[in-house]
Structures are given as structure tokens and as C-alpha cells.
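Student: Sharing input-v7.csv below, CSV, C-alpha atoms:
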chain,number,residue,atom,x,y,z
C,1,MET,CA,30.4,32.5,209.9
C,2,GLY,CA,28.9,31.2,213.1
C,3,THR,CA,25.8,29.0,212.9
C,4,ASP,CA,23.7,31.6,214.7
C,5,ASP,CA,24.7,34.3,212.2
C,6,LEU,CA,23.9,31.9,209.4
C,7,ILE,CA,20.5,31.1,210.8
C,8,ALA,CA,19.8,34.8,211.1
C,9,VAL,CA,20.7,35.5,207.5
C,10,LEU,CA,18.8,32.5,206.1
C,11,GLY,CA,15.8,33.2,208.4
C,12,MET,CA,15.5,36.6,206.8
C,13,GLN,CA,15.0,35.1,203.4
C,14,ALA,CA,11.7,33.3,203.9
C,15,ALA,CA,10.0,34.1,200.6
C,16,PRO,CA,6.7,32.4,200.3
C,17,VAL,CA,6.8,29.1,198.4
C,18,PRO,CA,3.7,28.4,196.3
C,19,ARG,CA,2.1,25.0,196.5
C,20,HIS,CA,3.6,22.5,194.1
C,21,ALA,CA,6.5,24.8,193.5
C,22,ALA,CA,8.8,22.0,192.6
C,23,VAL,CA,6.5,20.7,189.8
C,24,ARG,CA,6.0,24.2,188.6
C,25,ARG,CA,9.7,24.8,188.4
C,26,LEU,CA,10.1,21.5,186.5
C,27,CYS,CA,7.4,22.5,184.0
C,28,LEU,CA,8.9,25.9,183.5
C,29,ALA,CA,12.2,24.2,182.7
C,30,LEU,CA,10.5,21.8,180.3
C,31,VAL,CA,8.9,24.7,178.5
C,32,VAL,CA,12.2,26.6,178.1
C,33,GLY,CA,14.1,23.4,177.2
C,34,GLY,CA,11.3,22.4,174.8
C,35,VAL,CA,11.3,25.7,173.0
C,36,VAL,CA,15.1,25.6,172.6
C,37,ALA,CA,14.8,22.1,171.2
C,38,LEU,CA,12.0,23.2,168.8
C,39,GLY,CA,14.2,26.1,167.6
C,40,LEU,CA,17.0,23.6,167.0
C,41,LEU,CA,14.7,21.4,165.0
C,42,LEU,CA,13.4,24.2,162.9
C,43,ALA,CA,17.0,25.4,162.2
C,44,THR,CA,18.2,22.0,161.2
C,45,LEU,CA,15.8,19.3,160.1
C,46,GLY,CA,12.7,21.5,159.7
C,47,VAL,CA,9.1,20.3,159.9
C,48,ARG,CA,8.1,17.4,157.6
C,49,PRO,CA,6.8,18.9,154.3
C,50,ASP,CA,3.6,16.8,154.3
C,51,ILE,CA,2.6,17.9,157.8
C,52,ALA,CA,-0.8,19.1,156.7
C,53,ALA,CA,-1.8,15.9,155.1
C,54,ALA,CA,-0.2,13.8,157.8
C,55,SER,CA,-2.1,15.5,160.5
C,56,ALA,CA,-5.3,13.8,159.3
C,57,THR,CA,-3.8,10.4,160.0
C,58,ALA,CA,-3.8,8.4,163.3
C,59,PRO,CA,-0.1,7.6,163.4
C,60,PHE,CA,0.8,11.3,163.4
C,61,TRP,CA,-1.1,11.8,166.6
C,62,MET,CA,0.0,8.4,168.1
C,63,LYS,CA,3.6,9.7,168.2
C,64,TRP,CA,2.5,12.6,170.4
C,65,MET,CA,0.3,10.4,172.6
C,66,PHE,CA,3.2,8.2,173.2
C,67,THR,CA,5.8,10.9,173.8
C,68,LEU,CA,3.7,13.3,175.7
C,69,SER,CA,2.3,10.6,178.0
C,70,LEU,CA,5.9,9.7,178.7
C,71,VAL,CA,6.6,13.4,179.5
C,72,ALA,CA,3.7,13.5,181.9
C,73,ALA,CA,4.8,10.3,183.7
C,74,GLY,CA,8.4,11.5,183.6
C,75,ILE,CA,7.4,14.7,185.4
C,76,ALA,CA,5.9,12.6,188.2
C,77,VAL,CA,9.0,10.4,188.5
C,78,VAL,CA,11.5,13.3,188.4
C,79,GLY,CA,9.3,15.2,191.0
C,80,ARG,CA,9.6,12.2,193.3
C,81,LEU,CA,13.3,11.9,192.8
C,82,GLY,CA,13.8,15.5,193.7
C,83,GLN,CA,12.6,14.7,197.2
C,84,PRO,CA,15.3,13.4,199.5
C,85,ASP,CA,13.6,10.0,200.2
C,86,GLY,CA,13.6,9.4,196.5
C,87,ARG,CA,10.8,6.8,196.5
C,88,ILE,CA,9.2,6.7,193.1
C,89,GLY,CA,6.3,4.4,194.1
C,90,TRP,CA,3.6,4.0,191.6
C,91,THR,CA,5.1,6.6,189.2
C,92,GLY,CA,7.6,4.1,187.9
C,93,ALA,CA,4.8,1.8,186.7
C,94,VAL,CA,3.1,4.8,185.0
C,95,LEU,CA,6.3,5.6,183.2
C,96,ALA,CA,6.5,2.1,181.9
C,97,THR,CA,2.9,2.0,180.7
C,98,PRO,CA,3.3,3.9,177.4
C,99,PHE,CA,6.2,1.7,176.4
C,100,ALA,CA,4.2,-1.4,177.1
C,101,ILE,CA,1.2,-0.2,175.1
C,102,VAL,CA,3.2,0.8,172.1
C,103,ALA,CA,5.2,-2.4,172.3
C,104,MET,CA,1.9,-4.4,172.2
C,105,MET,CA,0.7,-2.3,169.2
C,106,ALA,CA,4.0,-3.0,167.5
C,107,VAL,CA,3.7,-6.7,168.1
C,108,GLY,CA,0.1,-6.7,166.7
C,109,GLU,CA,1.3,-4.7,163.7
C,110,LEU,CA,4.1,-7.1,162.9
C,111,MET,CA,2.0,-10.2,163.3
C,112,LEU,CA,-0.6,-8.9,160.9
C,113,ALA,CA,2.0,-7.7,158.3
C,114,PRO,CA,3.3,-10.0,155.6
C,115,GLU,CA,6.7,-11.3,156.4
C,116,GLN,CA,8.6,-9.4,153.7
C,117,LEU,CA,7.2,-6.1,155.0
C,118,ARG,CA,8.1,-6.6,158.6
C,119,LYS,CA,11.7,-5.4,158.3
C,120,GLY,CA,10.5,-2.2,156.7
C,121,LEU,CA,8.0,-1.5,159.5
C,122,ILE,CA,10.8,-1.7,162.0
C,123,LEU,CA,13.6,0.1,160.1
C,124,GLY,CA,11.4,2.7,158.3
C,125,GLN,CA,13.3,5.2,156.1
C,126,THR,CA,15.0,7.2,158.8
C,127,ALA,CA,16.1,4.8,161.5
C,128,PRO,CA,19.4,6.0,162.8
C,129,ARG,CA,18.7,9.6,162.2
C,130,CYS,CA,15.6,9.4,164.4
C,131,ALA,CA,17.3,8.1,167.5
C,132,VAL,CA,20.3,10.5,167.1
C,133,SER,CA,18.0,13.5,166.6
C,134,ILE,CA,16.0,12.7,169.7
C,135,LEU,CA,19.2,12.4,171.7
C,136,VAL,CA,20.4,15.8,170.4
C,137,LEU,CA,17.1,17.5,171.0
C,138,SER,CA,17.0,16.1,174.5
C,139,ALA,CA,20.2,18.0,175.4
C,140,PRO,CA,18.7,21.5,176.0
C,141,VAL,CA,15.8,19.9,177.9
C,142,PHE,CA,18.2,18.0,180.1
C,143,ALA,CA,20.1,21.1,180.9
C,144,ALA,CA,16.9,22.8,182.0
C,145,CYS,CA,16.1,19.9,184.2
C,146,VAL,CA,19.5,20.1,185.9
C,147,TRP,CA,18.7,23.7,186.6
C,148,ALA,CA,15.3,22.7,188.1
C,149,PHE,CA,17.1,20.2,190.4
C,150,ARG,CA,19.1,23.0,192.0
C,151,ARG,CA,16.1,23.7,194.2
C,152,GLN,CA,15.4,20.1,194.8
C,153,ALA,CA,17.1,17.6,197.1
C,154,PRO,CA,17.8,14.5,195.2
C,155,THR,CA,19.8,11.9,197.1
C,156,ARG,CA,19.8,9.1,194.5
C,157,LEU,CA,21.7,11.1,191.9
C,158,ARG,CA,22.2,8.3,189.3
C,159,ARG,CA,18.5,7.5,189.3
C,160,ALA,CA,17.5,11.2,189.3
C,161,GLY,CA,19.9,11.8,186.3
C,162,ALA,CA,18.5,8.8,184.5
C,163,ALA,CA,14.9,9.9,185.1
C,164,ALA,CA,15.6,13.4,183.9
C,165,GLY,CA,17.3,11.9,180.9
C,166,VAL,CA,14.2,9.8,180.0
C,167,LEU,CA,12.0,12.9,180.5
C,168,SER,CA,14.2,15.0,178.3
C,169,GLY,CA,14.4,12.2,175.7
C,170,ALA,CA,10.6,12.0,175.7
C,171,LEU,CA,10.2,15.7,175.2
C,172,GLY,CA,12.9,15.7,172.6
C,173,ALA,CA,11.0,12.9,170.8
C,174,ALA,CA,7.8,14.9,171.0
C,175,VAL,CA,9.6,17.8,169.3
C,176,TYR,CA,11.2,15.5,166.7
C,177,ALA,CA,7.7,14.2,165.8
C,178,PHE,CA,7.2,17.5,163.9
C,179,SER,CA,9.9,16.3,161.5
C,180,CYS,CA,9.5,12.5,161.6
C,181,PRO,CA,7.8,11.0,158.5
C,182,GLU,CA,7.5,7.5,159.9
C,183,SER,CA,4.1,6.0,160.9
C,184,SER,CA,4.6,2.5,162.3
C,185,ALA,CA,4.3,1.5,165.9
C,186,ALA,CA,7.2,-0.9,165.4
C,187,PHE,CA,9.4,1.9,164.3
C,188,MET,CA,8.4,4.0,167.3
C,189,ILE,CA,9.0,1.3,169.9
C,190,THR,CA,12.4,0.7,168.4
C,191,TRP,CA,13.9,4.0,167.5
C,192,TYR,CA,12.0,6.5,169.6
C,193,THR,CA,12.5,4.3,172.6
C,194,GLY,CA,16.2,3.9,171.6
C,195,GLY,CA,16.7,7.7,171.6
C,196,ILE,CA,14.8,8.2,174.8
C,197,LEU,CA,16.6,5.4,176.6
C,198,ALA,CA,20.0,6.6,175.3
C,199,ALA,CA,19.2,10.0,176.9
C,200,GLY,CA,18.3,8.2,180.1
C,201,VAL,CA,21.6,6.3,180.1
C,202,LEU,CA,23.6,9.4,179.5
C,203,GLY,CA,21.6,11.2,182.2
C,204,GLY,CA,22.4,8.4,184.6
C,205,LEU,CA,26.0,8.7,183.8
C,206,VAL,CA,26.3,12.4,184.4
C,207,GLY,CA,23.7,12.6,187.2
C,208,PRO,CA,26.1,12.0,190.1
C,209,ARG,CA,28.4,14.8,188.8
C,210,LEU,CA,25.8,17.4,187.8
C,211,LEU,CA,23.2,16.9,190.5
C,212,ARG,CA,25.5,16.8,193.5
C,213,TRP,CA,24.9,19.3,196.3
M,1,MET,CA,10.0,12.9,218.8
M,2,LYS,CA,6.4,13.0,217.8
M,3,ALA,CA,6.0,16.4,219.5
M,4,ALA,CA,9.1,17.7,217.8
M,5,GLU,CA,7.8,16.4,214.5
M,6,ASP,CA,4.5,18.2,214.9
M,7,ARG,CA,6.1,21.5,216.0
M,8,LEU,CA,8.9,21.5,213.3
M,9,ARG,CA,6.4,20.6,210.6
M,10,SER,CA,4.1,23.4,211.5
M,11,LEU,CA,7.0,25.9,211.7
M,12,MET,CA,8.1,24.7,208.2
M,13,ILE,CA,4.7,25.1,206.8
M,14,GLN,CA,4.4,28.6,208.2
M,15,GLY,CA,7.9,29.4,206.9
M,16,LEU,CA,6.8,28.2,203.4
M,17,ASP,CA,3.9,30.6,203.7
M,18,GLY,CA,6.5,33.4,204.1
M,19,ASP,CA,6.6,33.7,207.9
M,20,ALA,CA,10.2,34.7,208.5
M,21,ALA,CA,10.0,34.3,212.3
M,22,SER,CA,8.8,30.7,212.0
M,23,HIS,CA,11.4,30.0,209.5
M,24,THR,CA,14.2,31.3,211.8
M,25,ARG,CA,12.8,29.3,214.7
M,26,LEU,CA,12.7,26.2,212.6
M,27,LEU,CA,16.3,26.6,211.5
M,28,ARG,CA,17.4,27.3,215.1
M,29,GLU,CA,15.6,24.2,216.5
M,30,LEU,CA,16.8,22.1,213.7
M,31,SER,CA,20.4,23.2,214.2
M,32,ILE,CA,20.2,21.8,217.7
M,33,LEU,CA,18.9,18.4,216.5
M,34,LEU,CA,21.4,18.3,213.7
M,35,ARG,CA,24.3,19.1,216.0
M,36,GLY,CA,23.3,16.1,218.1
M,37,PHE,CA,22.8,13.9,215.0
M,38,TYR,CA,26.3,14.7,213.5
M,39,SER,CA,28.3,14.7,216.7
M,40,ARG,CA,26.8,11.3,217.6
M,41,ARG,CA,27.7,9.9,214.2
M,42,PHE,CA,30.7,11.9,213.2
M,43,GLY,CA,32.8,12.0,216.4
M,44,GLY,CA,36.1,13.6,216.3
M,45,ASP,CA,36.4,17.3,215.6
M,46,PRO,CA,33.3,19.2,216.7
M,47,ALA,CA,34.2,21.8,213.9
M,48,ASP,CA,33.5,19.1,211.3
M,49,ALA,CA,30.1,18.4,212.8
M,50,GLU,CA,29.4,22.2,212.8
M,51,ASP,CA,30.3,22.5,209.2
M,52,LEU,CA,27.8,19.8,208.3
M,53,VAL,CA,25.2,21.5,210.5
M,54,GLN,CA,25.7,24.6,208.5
M,55,GLU,CA,25.7,22.9,205.2
M,56,THR,CA,22.5,21.1,206.0
M,57,LEU,CA,20.8,24.2,207.2
M,58,ILE,CA,21.7,25.9,203.9
M,59,ALA,CA,20.3,22.9,202.0
M,60,VAL,CA,17.1,22.9,204.0
M,61,HIS,CA,16.8,26.6,203.3
M,62,THR,CA,17.6,26.6,199.6
M,63,ARG,CA,15.9,23.4,198.8
M,64,ARG,CA,12.7,23.9,200.8
M,65,GLU,CA,10.6,23.6,197.6
M,66,SER,CA,11.4,19.9,197.7
M,67,TYR,CA,9.4,19.5,201.0
M,68,ASP,CA,6.0,18.0,200.4
M,69,PRO,CA,3.8,19.3,203.3
M,70,SER,CA,1.8,16.1,203.3
M,71,LYS,CA,4.8,14.1,204.4
M,72,PRO,CA,6.8,14.1,207.7
M,73,PHE,CA,9.2,17.0,208.1
M,74,THR,CA,11.8,15.3,210.2
M,75,SER,CA,12.4,12.5,207.8
M,76,TRP,CA,12.7,15.0,205.0
M,77,ALA,CA,15.3,17.1,206.9
M,78,PHE,CA,17.2,14.1,208.3
M,79,THR,CA,17.4,12.4,204.9
M,80,MET,CA,19.1,15.5,203.7
M,81,ALA,CA,21.4,15.5,206.8
M,82,ARG,CA,22.3,11.9,206.0
M,83,TYR,CA,23.1,12.7,202.4
M,84,LYS,CA,25.4,15.5,203.5
M,85,MET,CA,27.2,13.2,205.9
M,86,ILE,CA,27.7,10.5,203.3
M,87,ASP,CA,28.8,13.1,200.8
M,88,GLU,CA,31.4,14.3,203.4
M,89,PHE,CA,32.7,10.8,203.8
M,90,ARG,CA,33.0,10.4,200.1
M,91,ARG,CA,34.8,13.6,199.7
M,92,ARG,CA,37.3,12.5,202.2
M,93,GLY,CA,37.5,9.2,200.6
M,94,LEU,CA,39.1,7.8,203.7
M,95,ARG,CA,38.4,5.0,206.1
M,96,LEU,CA,36.8,6.4,209.2
M,97,THR,CA,38.6,6.5,212.4
M,98,THR,CA,35.5,6.5,214.5
M,99,PRO,CA,33.1,3.5,214.4
M,100,ILE,CA,29.7,4.3,213.1
M,101,ASP,CA,27.1,2.0,214.4
M,102,ASP,CA,24.6,2.3,211.6
M,103,VAL,CA,26.9,2.9,208.7
M,104,ASP,CA,25.8,-0.2,206.8
M,105,GLU,CA,22.2,0.7,207.0
M,106,LEU,CA,23.1,4.3,205.9
M,107,PHE,CA,25.0,3.2,202.9
M,108,ALA,CA,22.5,0.5,202.0
M,109,ASP,CA,19.9,3.2,201.9
M,110,ASP,CA,21.7,5.3,199.5
M,111,GLU,CA,23.4,4.6,196.2
M,112,ILE,CA,27.1,5.1,196.2
M,113,GLU,CA,28.8,6.1,193.1
M,114,PRO,CA,32.3,4.7,193.5
M,115,ALA,CA,33.3,5.9,190.0
M,116,SER,CA,32.6,9.5,190.7
M,117,ALA,CA,34.0,9.4,194.2
M,118,ALA,CA,37.2,7.9,192.8
M,119,MET,CA,37.4,10.6,190.1
M,120,ASP,CA,37.0,13.3,192.7
M,121,LEU,CA,39.6,11.7,194.9
M,122,ASP,CA,42.0,11.5,191.9
M,123,ARG,CA,41.5,15.1,191.2
M,124,LEU,CA,42.1,16.1,194.8
M,125,LEU,CA,45.2,13.9,195.0
M,126,GLN,CA,46.7,15.4,191.9
M,127,GLY,CA,47.5,18.6,193.8
M,128,LEU,CA,49.7,16.9,196.4
M,129,PRO,CA,53.4,16.4,196.3
M,130,ALA,CA,54.2,13.0,194.7
M,131,GLN,CA,55.5,11.4,197.9
M,132,GLN,CA,52.3,12.2,199.8
M,133,ARG,CA,50.1,11.3,197.0
M,134,ALA,CA,51.7,7.9,196.6
M,135,ALA,CA,51.6,7.2,200.3
M,136,ILE,CA,47.9,8.0,200.5
M,137,GLN,CA,47.1,6.1,197.4
M,138,GLN,CA,48.9,3.0,198.6
M,139,VAL,CA,47.7,2.9,202.2
M,140,LYS,CA,44.3,4.6,202.2
M,141,ILE,CA,43.1,3.5,198.8
M,142,GLU,CA,44.8,0.3,197.9
M,143,GLY,CA,44.9,-0.9,201.5
M,144,LEU,CA,48.6,-1.7,201.8
M,145,SER,CA,50.1,-1.7,205.3
M,146,ILE,CA,52.5,1.0,206.3
M,147,GLU,CA,55.4,-1.5,206.0
M,148,GLU,CA,54.4,-2.6,202.5
M,149,ALA,CA,54.1,0.9,201.3
M,150,ALA,CA,57.5,1.7,202.8
M,151,ALA,CA,59.0,-1.3,201.1
M,152,ARG,CA,57.5,-0.3,197.8
M,153,SER,CA,58.5,3.4,197.9
M,154,GLY,CA,61.9,2.9,199.6
M,155,LEU,CA,61.0,5.3,202.4
M,156,SER,CA,61.1,4.5,206.1
M,157,PRO,CA,57.7,3.5,207.7
M,158,SER,CA,57.6,6.7,209.8
M,159,ASN,CA,58.3,8.7,206.7
M,160,VAL,CA,55.3,7.1,205.0
M,161,LYS,CA,53.1,7.9,208.1
M,162,ILE,CA,54.2,11.5,208.1
M,163,SER,CA,53.5,11.8,204.3
M,164,ILE,CA,50.0,10.4,204.8
M,165,HIS,CA,49.3,12.7,207.7
M,166,ARG,CA,50.5,15.8,205.9
M,167,GLY,CA,48.8,14.9,202.7
M,168,LEU,CA,45.4,14.3,204.5
M,169,LYS,CA,45.7,17.5,206.3
M,170,THR,CA,46.2,19.4,203.1
M,171,LEU,CA,43.3,17.5,201.4
M,172,LEU,CA,41.0,18.2,204.3
M,173,ALA,CA,41.8,21.9,204.2
M,174,ARG,CA,41.2,22.0,200.5
M,175,VAL,CA,37.9,20.1,200.7
M,176,ARG,CA,36.6,22.5,203.4
M,177,LYS,CA,37.7,25.5,201.4
M,178,ASP,CA,35.8,24.0,198.4
M,179,ALA,CA,32.8,23.5,200.6
M,180,ARG,CA,32.8,27.1,201.6
M,181,VAL,CA,33.3,28.3,198.1
M,182,GLY,CA,30.5,26.0,197.1
M,183,ASN,CA,28.2,27.7,199.5
As C-alpha cells - that is how I would like this structure written.
Tutor:
Amino acid sequence: MGTDDLIAVLGMQAAPVPRHAAVRRLCLALVVGGVVALGLLLATLGVRPDIAAASATAPFWMKWMFTLSLVAAGIAVVGRLGQPDGRIGWTGAVLATPFAIVAMMAVGELMLAPEQLRKGLILGQTAPRCAVSILVLSAPVFAACVWAFRRQAPTRLRRAGAAAGVLSGALGAAVYAFSCPESSAAFMITWYTGGILAAGVLGGLVGPRLLRW
Amino acid sequence: MKAAEDRLRSLMIQGLDGDAASHTRLLRELSILLRGFYSRRFGGDPADAEDLVQETLIAVHTRRESYDPSKPFTSWAFTMARYKMIDEFRRRGLRLTTPIDDVDELFADDEIEPASAAMDLDRLLQGLPAQQRAAIQQVKIEGLSIEEAAARSGLSPSNVKISIHRGLKTLLARVRKDARVGN
């Protein structure tokens, strides 16, 4: 096909693009991926049995404040990395903030706790299961993010993959919170972060392959 | 360039609002700039440059959601053009025959994934006859001289050269076929 023909064909397909179309598409992907992850959770681990009682306690909500603020920051970072210049600017600092806050809370918690209880605060009852579940639940979200990237123009594919992985891990963690019985900040900063960062590392590994265009 | 930026940006914004005539004009004006951009940097076969012009136009079209209207248009479009060019170099996985003045700056600007490039190259090379594959591997990838490769494989130097030439020709044809299928 000659370039002039190509231009003629492409020029005919000038559908209007709404403002902030990229972020909207990403949010749509997150909704779809999140629903699939939730379905997966309900079909396997189920919701924690004491959810009604737990929802009256602060740690229950802290998990969502942590994970959903990561999701919000992750949307900003992934949105930037979908643009060709790939500059994340201030959004990187925003993404780091929830980790820093929860880490400080965990340090405070551990300092106040008697020494023999500290290990329990970190390990909880469900340590490895938590990180593994978050990683598994992030998979459908990540797939949806890859779909959203098909209309974007990422040029730093490894970074874009890693950021999409962290975002997927954060949403996977938010879904997992329905099932998670733990309540310490030390547990969260260790195992939630572990699952989320593992998703980020995997995303970075597959990014160059999946996001190439 | 400032005038071009202003004009192209307003065409882009009108195109994003659904104005097909502006969108067509944008692609047409951009194709001229891209042709200059690629033939300056790419040299060699004008058909190669034209393939990249087309691929970039397709990317500009299908990925136009990624343009933020508050930012300069030309830097958006030419960052994509640069990405396409680097991707093409990676696909070939070859040393370039034409000097590229700003290649260091280009590559410094972008992350290169040697692992993935190497994997793709391996996959491509798999399809070649053993003799051609070995010759390309030794000379173009491991960096042996023609004589060293000849000594290692027991072929004459001119045989090695011919193997490389034929192998590269096949690879290039395959890459470009892939590129078309990819579109």
C-alpha cells in the first residue's frame, strides 16, 4: 500500500477522542480486571467469615486505604508511561508515599510492642498465602492493563510493564483484603508489599515482550 | 519549526474532535516530516525509510489517545518515530552500515532490552540454514572477523561472506513480512 493510500484510509477513521480517553480506558480495564479478580477470590478463598465484625475496626479499612491509594497513584504513573516521553515526574513520589506511611506505622507498631510479640505482628497467621494470593489476583488486572496499553504509546517498556504490575498488584491486594484476616501494619508492609512488588517485577520482565508495538 | 508545531498541534486537536479532513491533513504533513527524519537518519534504501514512515503514521493514528493536548505535538510524534526507528534497528540486530550522528543520544534516551532483542534474534535465526546462521552469529553477533569465522567453520572467507549476505537478506524479508502482518 502506498503511503498516500494509507493516509487516505487512516484519515477516514477520525473518530472523536474524548478528553482523558487514556485514563478512562485504563480505569475501564481496572474495573474489568478487578471484577475478574474478585470472582476468582470468591470462587477460591472466599470472604473472611468475620467480615461484619471486622468492618467496625480501623485495620480493616487501613488495608483499603493503603491499597486503593496505591491504585490511584498507579493510575497516574501508568498514564504517564503510556505517553511516548515516559516521564513520570511527581507521580513516582506519589506512588511511594503510601509505602512510606505504612512503613512508618509498622515501625511505630513494632517499637511499642513487647519483644516477644514482634515476630507475630510481622508474620501474622497467613504470611506466604497472602503474598501469593495477591500475585495471582493481580494477573487478570495485569492482562487488562496490557489491553489498555494497546492504544497507548509506551516507549520505556520495562518501566511501563513494572508500573502496570505494581498497579495490578495493588488492585489485587485491595481485592484480597476481603479475605485477609490480618490487622497489623507490620504484616501489611511486609506481605502486601511483597505481593505487589512481585507483581511489579514480573510486569517488568514481561513488559518489553507484551507491550511492544 | 515553531510554526509547524502550532499548525500540526491544532490539526491534531481538531482531528481528536472528530474532524476527518484535519486528521488527513495532519497525517499528510507529518508524512513529509517523517520521510525527512528517517531518510536523514536511516540512509540506505528509501523503501526502508518509507516502511517506517507508514508504521509511524499507523502508530500516530491508532495511539492518538496517548497525546495530551496540553503538551507539544511534534515531540509526541517524533518520540514515537524514534521508538519505531530504534525498534527497527533492534529487529535487525545488526551493526549499522550508515553512521548515525546522534545514535548515542537516541539510545541513551531509551531503555534497550538486550535480553529481549537477543531472544527475538535467536528466534529469527532459527529459521535459517545452519551455515548462514553460524556465519551471522559469529560475525555479526560475536564480532569475529570474516577470517576467524572462516577458520572456525572450515569455509572459505568468501563463502562466509556469501552466507552472511544471503542470511541477512532472508531475515530482512522475513522481518518486513512480520511487520506487515503486524499492521
Student: Which residue out of M:Ala59, M:Ala149, M:Glu5, M:Phe78 has the minimum interatomic distance to Arg35 in chain M when only C-alpha atoms are used?
Tutor: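 Once distances to Arg35 in chain M are computed over only C-alpha atoms, the minimum belongs to M:Phe78.
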Student: Expressed in Å to a single decimal, how great is the separation between CA of Ala4 in chain M and CA of Ile32 in chain M?
Tutor: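 If I compute the distance from CA of Ala4 in chain M to CA of Ile32 in chain M, I get 11.8 Å.
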Student: Identify all chain C residues at most 12 Å from chain M by counting only C-alpha atoms; ligands do not count. Present them as a PDB file with C-alpha atoms, in the coordinates of the input.
Tutor:
ATOM      1  CA  MET C   1      30.400  32.500 209.900  1.00  0.00           C
ATOM      2  CA  GLY C   2      28.900  31.200 213.100  1.00  0.00           C
ATOM      3  CA  THR C   3      25.800  29.000 212.900  1.00  0.00           C
ATOM      4  CA  ASP C   4      23.700  31.600 214.700  1.00  0.00           C
ATOM      5  CA  ASP C   5      24.700  34.300 212.200  1.00  0.00           C
ATOM      6  CA  LEU C   6      23.900  31.900 209.400  1.00  0.00           C
ATOM      7  CA  ILE C   7      20.500  31.100 210.800  1.00  0.00           C
ATOM      8  CA  ALA C   8      19.800  34.800 211.100  1.00  0.00           C
ATOM      9  CA  VAL C   9      20.700  35.500 207.500  1.00  0.00           C
ATOM     10  CA  LEU C  10      18.800  32.500 206.100  1.00  0.00           C
ATOM     11  CA  GLY C  11      15.800  33.200 208.400  1.00  0.00           C
ATOM     12  CA  MET C  12      15.500  36.600 206.800  1.00  0.00           C
ATOM     13  CA  GLN C  13      15.000  35.100 203.400  1.00  0.00           C
ATOM     14  CA  ALA C  14      11.700  33.300 203.900  1.00  0.00           C
ATOM     15  CA  ALA C  15      10.000  34.100 200.600  1.00  0.00           C
ATOM     16  CA  PRO C  16       6.700  32.400 200.300  1.00  0.00           C
ATOM     17  CA  VAL C  17       6.800  29.100 198.400  1.00  0.00           C
ATOM     18  CA  PRO C  18       3.700  28.400 196.300  1.00  0.00           C
ATOM     19  CA  ARG C  19       2.100  25.000 196.500  1.00  0.00           C
ATOM     20  CA  HIS C  20       3.600  22.500 194.100  1.00  0.00           C
ATOM     21  CA  ALA C  21       6.500  24.800 193.500  1.00  0.00           C
ATOM     22  CA  ALA C  22       8.800  22.000 192.600  1.00  0.00           C
ATOM     23  CA  VAL C  23       6.500  20.700 189.800  1.00  0.00           C
ATOM     24  CA  ARG C  24       6.000  24.200 188.600  1.00  0.00           C
ATOM     25  CA  ARG C  25       9.700  24.800 188.400  1.00  0.00           C
ATOM     26  CA  LEU C  26      10.100  21.500 186.500  1.00  0.00           C
ATOM     27  CA  VAL C  78      11.500  13.300 188.400  1.00  0.00           C
ATOM     28  CA  GLY C  79       9.300  15.200 191.000  1.00  0.00           C
ATOM     29  CA  ARG C  80       9.600  12.200 193.300  1.00  0.00           C
ATOM     30  CA  LEU C  81      13.300  11.900 192.800  1.00  0.00           C
ATOM     31  CA  GLY C  82      13.800  15.500 193.700  1.00  0.00           C
ATOM     32  CA  GLN C  83      12.600  14.700 197.200  1.00  0.00           C
ATOM     33  CA  PRO C  84      15.300  13.400 199.500  1.00  0.00           C
ATOM     34  CA  ASP C  85      13.600  10.000 200.200  1.00  0.00           C
ATOM     35  CA  GLY C  86      13.600   9.400 196.500  1.00  0.00           C
ATOM     36  CA  ARG C  87      10.800   6.800 196.500  1.00  0.00           C
ATOM     37  CA  ALA C 148      15.300  22.700 188.100  1.00  0.00           C
ATOM     38  CA  PHE C 149      17.100  20.200 190.400  1.00  0.00           C
ATOM     39  CA  ARG C 150      19.100  23.000 192.000  1.00  0.00           C
ATOM     40  CA  ARG C 151      16.100  23.700 194.200  1.00  0.00           C
ATOM     41  CA  GLN C 152      15.400  20.100 194.800  1.00  0.00           C
ATOM     42  CA  ALA C 153      17.100  17.600 197.100  1.00  0.00           C
ATOM     43  CA  PRO C 154      17.800  14.500 195.200  1.00  0.00           C
ATOM     44  CA  THR C 155      19.800  11.900 197.100  1.00  0.00           C
ATOM     45  CA  ARG C 156      19.800   9.100 194.500  1.00  0.00           C
ATOM     46  CA  LEU C 157      21.700  11.100 191.900  1.00  0.00           C
ATOM     47  CA  ARG C 158      22.200   8.300 189.300  1.00  0.00           C
ATOM     48  CA  ARG C 159      18.500   7.500 189.300  1.00  0.00           C
ATOM     49  CA  ALA C 160      17.500  11.200 189.300  1.00  0.00           C
ATOM     50  CA  GLY C 204      22.400   8.400 184.600  1.00  0.00           C
ATOM     51  CA  LEU C 205      26.000   8.700 183.800  1.00  0.00           C
ATOM     52  CA  VAL C 206      26.300  12.400 184.400  1.00  0.00           C
ATOM     53  CA  GLY C 207      23.700  12.600 187.200  1.00  0.00           C
ATOM     54  CA  PRO C 208      26.100  12.000 190.100  1.00  0.00           C
ATOM     55  CA  ARG C 209      28.400  14.800 188.800  1.00  0.00           C
ATOM     56  CA  LEU C 210      25.800  17.400 187.800  1.00  0.00           C
ATOM     57  CA  LEU C 211      23.200  16.900 190.500  1.00  0.00           C
ATOM     58  CA  ARG C 212      25.500  16.800 193.500  1.00  0.00           C
ATOM     59  CA  TRP C 213      24.900  19.300 196.300  1.00  0.00           C
TER      60      TRP C 213
END
Student: Between CA of Gln132 in chain M and CA of Gly167 in chain M, what is the distance, to one decimal in Å?
Tutor: 5.3 Å
Student: How many Å lie between CA of Ser183 in chain C and CA of Phe60 in chain C, rounded to one decimal?
Tutor: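 One can read the CA of Ser183 in chain C to CA of Phe60 in chain C distance as 6.7 Å.
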Student: Neighbours of Gly154 in chain M within 12 Å (all atoms listed in the file; same-chain residues fewer than 6 positions away dropped), as a ChimeraX atom specification?
Tutor: /M:131,134-135,146-148,160
Student: Quick one: residues within 12 Å of Thr57 in chain C, only C-alpha atoms counted, chain neighbours fewer than 4 positions away excluded, as a VMD selection string?
Tutor: chain C and resid 50 to 53 61 to 63 181 to 184
Student: With all atoms listed in the file as the counted atoms, please give the residues lying no more than 10 Å from range 124-128 of chain C, apart from itself and same-chain residues fewer than 5 positions off, as number ranges by chain.
Tutor: C: 118-119, 133, 180-184, 186-188, 190-192, 194-195
Student: Which residue is closest to Ala144 in chain C? Choose from C:Ala163, C:Met65, C:Ser168, C:Leu197 and count only C-alpha atoms.
Tutor: C:Ser168
